[in-house]
Amino acid sequence: QVQLVESGGGLVQAGGSLRLSCAASGRTFSRYTVGWFRQAPGKEREFVGAIRWSEGSSYYADSVKGRFTISRDFAKNTVYLQMNSLKPEDAAVYYCAAGRPSWTATLLASIHEYDYWGQGTQVTVSS
């Protein structure tokens, strides 16, 4: 079992930055891919990006590419989502998830490929 806890959400002005954290307990991320997803009110959960823990390979949705960066800290068993140049449309509850999807765009973006989920953290972007 892997328990995931997100933190770092909050209110930020458009153009600002936030860094979200996803800390794991119970088991390390060592054999997992960690994905970030977001869900705005009335919308489906949307893929943001993912990182393969062992190699550091990352992949991003087009909507955030060039603005968001995923990184990891081995010592803290934590994955980060650095969000820059935030837009009002980035506002959502952000979730991290751990799983073992094959490294393809379709499977990385599928919520069904992830076994463990955090509780989510709210990001609000004011215009």
# chains A, B, ... in the order shown; residues from 1 in each chain; ligands from 1

$ residues_around --residues "stretch 6-22 of chain A" --least-positions-apart "6" --cutoff "12 Å" --atoms "only C-alpha atoms" --output "ChimeraX atom specification"
/A:28-29,34-38,67-73,76-98,116-127

$ residues_around --residues "A:Arg52" --least-positions-apart "5" --cutoff "9 Å" --atoms "only C-alpha atoms" --output "list in words"
Ser30, Arg31, Tyr32, Thr33, Val34, Gly35, Ser57, Ser58, Tyr59, Arg100 and Trp103 of chain A

$ select_by_dssp --residues "stretch 4-127 of chain A" --states "strand (DSSP E or B)" --output "number ranges by chain"
A: 4-7, 10-13, 18-25, 33-39, 46-52, 58-60, 68-73, 78-83, 92-99, 114-117, 121-126

$ select_by_dssp --residues "stretch 6-126 of chain A" --states "alpha helix (DSSP H)" --output "list in words"
Ala105, Thr106, Leu107 and Leu108 of chain A

$ closest_residue --among "A:Glu55, A:Ala75, A:Tyr60, A:Ile111" --to "A:Gln39" --atoms "only C-alpha atoms"
A:Ile111

$ atom_distance --atom1 "atom CA of A:Gly49" --atom2 "atom CA of A:Ala105"
9.9 Å
